Each structure stands twice: as structure tokens, then as C-alpha cells.
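Enquirer: Would you mind keeping the following structure in view while I ask a few things?
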Amino acid sequence: MTPKDPIDRTGLRDRYWERVPLKNMTPREWEALCDGCGKCCLNKLEDPDTEEVAFTRVACRLLDDESCRCAQYDIRHQFVPECVTLSPKNIDRIAYWMPATCAYRLLHQGTPLYDWHPLISGTAQSVHDAGMSVQGWTVPEFEVDEEDWEDHIVEGIL
């Protein structure tokens with residue numbers, strides 16, 4: 001660590017997302033990129049021919065609809081084995097599947113973060129205040145049969 005690149009109390013380098021390639025971020029920096037929108041926890045439908053991804057308002061059973069965070073993040077694979085663990089190693093293959101507003105996808109594409117992102121605004125609440133989270137409008141997956149997910153496709157903020 002050089003004096004020009006100090007780590008603050010949170011363990012994050014100042015505006016690291018603007019300077020540090022995804023593959024060179026520390027685990028803490030990588031995790032801090034998540035804006036807490038909850039969109040990645042929405043069940044998706046993918047057209048196998050076009051790879052077009054449609055998001056539904058049907059949420060993973062572990063999503064907390066109020067906080068928009070996984071209720072069991074550290075042990076989620078015990079409950080949802082198919083839950084994807086996004087990493088610098090697989091972002092090339094998975095970025096298209098992430099929401100268009102996702103920080104991981106944006107940075108992978110060389111696009112800056114939105115001003116409502118908590119790293120920019122300084123508060124986790126900003127993603128909700130901007131209307132960019134799924135807070136309050138999801139349906140738990142155990143309430144909707146998978147064959148009915150098409151009836152819950154959402155567009156717009158995704």
C-alpha cells in the first residue's frame with residue numbers, strides 16, 4: 001500500500017471503483033460494490049435462443065423484501081444451491097444476466113456508477129430513495145408456480 005492509496009476505516013480505498021480493475025479489488029471492495037437493490041435475487045426467464053433475460057417480480061425465497069438483502073447471504077448455498085456467486089472470474093459469462101443498473105455489470109462494461117449508488121451517495125438508503133430497488137414489490141417464489149412466472153415479468157428499472 002502506498003501513501004497515495006490509503007485504506008480508510010471501512011477497509012476501502014478512496015473511490016477505488018474508478019481506478020482499480022475488478023480483478024484487483026479486495027474481497028471487501030468487491031462486496032461493497034453491491035448497491036443492495038435486490039434485483040439480482042429476482043427470478044429470471046432466459047430465452048435459450050437469444051439469451052434475452054426477462055426479470056420477474058418473483059423473488060428468491062431468501063430475499064428480505066424490506067432490506068433488499070439476502071436473509072442468509074453467508075450460507076445461502078445451503079438453501080439455494082443454484083444461487084450464483086458473482087466473482088471477477090465469472091463476470092464475463094454472467095454480466096448479461098445481471099440487472100442493467102448493477103455496479104458489477106456497469107464497471108465490467110466501463111460505465112460509471114449512478115449517483116444513487118451507496119458508494120457515491122454515502123448511504124445505503126439512496127438506492128431505495130431513488131426507486132432503484134425491489135423494496136416492497138416482490139412476490140416470494142413459494143407463492144407463484146414456476147409456470148406462472150411469465151405473468152410476473154417486469155420492465156423499466158431493471
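As shown in the C-alpha cells, the chain order sets the letters A, B, ...; within each chain, residues go from 1, and ligands are also counted from 1 in the order they appear.
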For region 36-65 of chain A against region 126-130 of chain A, with a cut-off of 12 Å and counting only C-alpha atoms, what is the closest atom pair and its distance in Å to one decimal for every residue that makes the cut, ordered by chain and number, as a Markdown table?
Expert:
| residue | atom | partner | partner_atom | distance |
| --- | --- | --- | --- | --- |
| A:Gly36 | CA | A:Val127 | CA | 7.2 |
| A:Cys37 | CA | A:Val127 | CA | 6.4 |
| A:Gly38 | CA | A:Val127 | CA | 10.1 |
| A:Lys39 | CA | A:Val127 | CA | 11.4 |
| A:Asp65 | CA | A:His128 | CA | 11.5 |
Enquirer: Please save N, CA and C atoms of the selected residues as a PDB file, in the first residue's frame.
Expert:
ATOM      1  N   GLY A  36     -27.280  -3.126  -3.061  1.00  0.00           N
ATOM      2  CA  GLY A  36     -28.380  -3.541  -2.197  1.00  0.00           C
ATOM      3  C   GLY A  36     -29.744  -3.368  -2.832  1.00  0.00           C
ATOM      4  N   CYS A  37     -29.807  -3.403  -4.152  1.00  0.00           N
ATOM      5  CA  CYS A  37     -31.094  -3.208  -4.838  1.00  0.00           C
ATOM      6  C   CYS A  37     -31.973  -4.451  -4.779  1.00  0.00           C
ATOM      7  N   GLY A  38     -31.380  -5.632  -4.699  1.00  0.00           N
ATOM      8  CA  GLY A  38     -32.121  -6.882  -4.652  1.00  0.00           C
ATOM      9  C   GLY A  38     -32.531  -7.422  -6.011  1.00  0.00           C
ATOM     10  N   LYS A  39     -32.219  -6.705  -7.085  1.00  0.00           N
ATOM     11  CA  LYS A  39     -32.657  -7.128  -8.420  1.00  0.00           C
ATOM     12  C   LYS A  39     -32.050  -8.463  -8.839  1.00  0.00           C
ATOM     13  N   ASP A  65     -37.614  -8.590   1.570  1.00  0.00           N
ATOM     14  CA  ASP A  65     -38.271  -7.596   0.720  1.00  0.00           C
ATOM     15  C   ASP A  65     -38.100  -6.163   1.232  1.00  0.00           C
TER      16      ASP A  65
END
Enquirer: What's the 9 Å shell around region 100-111 of chain A, counting only C-alpha atoms, without same-chain residues fewer than 4 positions away, as a list in words?
Expert: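 In the requested form, the answer reads Trp17, Glu18, Pro21, Leu22, Trp30, Leu33, Cys34, Asp35, Cys37, Lys39, Cys40, Leu86, Ile91, Asp92, Ile94, Ala95, Tyr96, His117, Met132, Ile157 and Leu158 of chain A.
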Enquirer: Figure out the distance between CA of Glu143 (chain A) and CA of Asp47 (chain A), please, to one decimal in Å.
Expert: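 Value for the CA of Asp47 (chain A)-CA of Glu143 (chain A) distance: 23.3 Å.
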Enquirer: Which one of A:Asn24, A:Thr10, A:Pro118, A:Cys41 sits closest to Cys68 (chain A) if you count only C-alpha atoms?
Expert: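 For Cys68 (chain A), the nearest of the candidates is A:Cys41.
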Enquirer: May I ask for the distance between CA of Glu147 (chain A) and CA of Glu46 (chain A), given in Å to one decimal place?
Expert: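 Spanning CA of Glu147 (chain A) to CA of Glu46 (chain A) is a straight-line distance of 13.4 Å.
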Enquirer: So which one's closest to Arg69 (chain A), A:Val84, A:Leu42, A:Ile153, A:Leu119? Using only C-alpha atoms, please.
Expert: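 For Arg69 (chain A), the nearest of the candidates is A:Leu42.
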Enquirer: Report the distance between CA of Val80 (chain A) and CA of Glu141 (chain A) in Å, rounded to one decimal place.
Expert: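 Calculated distance between CA of Val80 (chain A) and CA of Glu141 (chain A) is 12.0 Å.
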Enquirer: Region 51-61 of chain A: which residues within 10 Å, counting only C-alpha atoms, same-chain residues fewer than 6 positions away excluded, as a ChimeraX atom specification?
Expert: /A:38-45,70-71,79-80,83,96-99,134,137-146,148-155,158
Enquirer: Mind writing the picked residues with C-alpha atoms as an mmCIF file, in the first residue's frame?
Expert:
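The result, stored in out36.cif:
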data_model
loop_
_atom_site.group_PDB
_atom_site.id
_atom_site.type_symbol
_atom_site.label_atom_id
_atom_site.label_comp_id
_atom_site.auth_asym_id
_atom_site.auth_seq_id
_atom_site.Cartn_x
_atom_site.Cartn_y
_atom_site.Cartn_z
ATOM 1 C CA GLY A 38 -32.121 -6.882 -4.652
ATOM 2 C CA LYS A 39 -32.657 -7.128 -8.420
ATOM 3 C CA CYS A 40 -30.208 -9.995 -8.808
ATOM 4 C CA CYS A 41 -32.410 -12.003 -6.424
ATOM 5 C CA LEU A 42 -35.371 -11.814 -8.773
ATOM 6 C CA ASN A 43 -36.094 -14.994 -10.663
ATOM 7 C CA LYS A 44 -35.398 -14.625 -14.342
ATOM 8 C CA LEU A 45 -36.564 -16.241 -17.552
ATOM 9 C CA CYS A 70 -30.315 -11.942 1.254
ATOM 10 C CA ALA A 71 -31.529 -13.074 4.651
ATOM 11 C CA PHE A 79 -30.773 -23.277 0.946
ATOM 12 C CA VAL A 80 -30.395 -22.286 -2.713
ATOM 13 C CA CYS A 83 -27.531 -19.251 -6.311
ATOM 14 C CA TYR A 96 -25.517 -10.092 -19.264
ATOM 15 C CA TRP A 97 -27.663 -11.810 -16.643
ATOM 16 C CA MET A 98 -27.240 -9.036 -14.072
ATOM 17 C CA PRO A 99 -29.568 -6.005 -13.950
ATOM 18 C CA VAL A 134 -37.152 -4.027 -5.376
ATOM 19 C CA TRP A 137 -42.940 -5.015 -4.690
ATOM 20 C CA THR A 138 -41.713 -8.590 -4.940
ATOM 21 C CA VAL A 139 -43.644 -11.830 -4.604
ATOM 22 C CA PRO A 140 -41.967 -14.746 -2.793
ATOM 23 C CA GLU A 141 -41.193 -17.660 -5.113
ATOM 24 C CA PHE A 142 -43.109 -20.119 -2.945
ATOM 25 C CA GLU A 143 -46.317 -18.194 -3.727
ATOM 26 C CA VAL A 144 -46.047 -18.498 -7.530
ATOM 27 C CA ASP A 145 -45.811 -21.684 -9.594
ATOM 28 C CA GLU A 146 -42.819 -21.566 -11.907
ATOM 29 C CA ASP A 148 -46.762 -18.718 -13.967
ATOM 30 C CA TRP A 149 -43.567 -16.623 -13.711
ATOM 31 C CA GLU A 150 -44.232 -15.182 -17.190
ATOM 32 C CA ASP A 151 -47.240 -13.409 -15.689
ATOM 33 C CA HIS A 152 -44.862 -11.523 -13.373
ATOM 34 C CA ILE A 153 -42.307 -10.172 -15.860
ATOM 35 C CA VAL A 154 -41.243 -6.609 -15.027
ATOM 36 C CA GLU A 155 -39.551 -3.956 -17.134
ATOM 37 C CA LEU A 158 -34.084 -3.367 -14.457
#
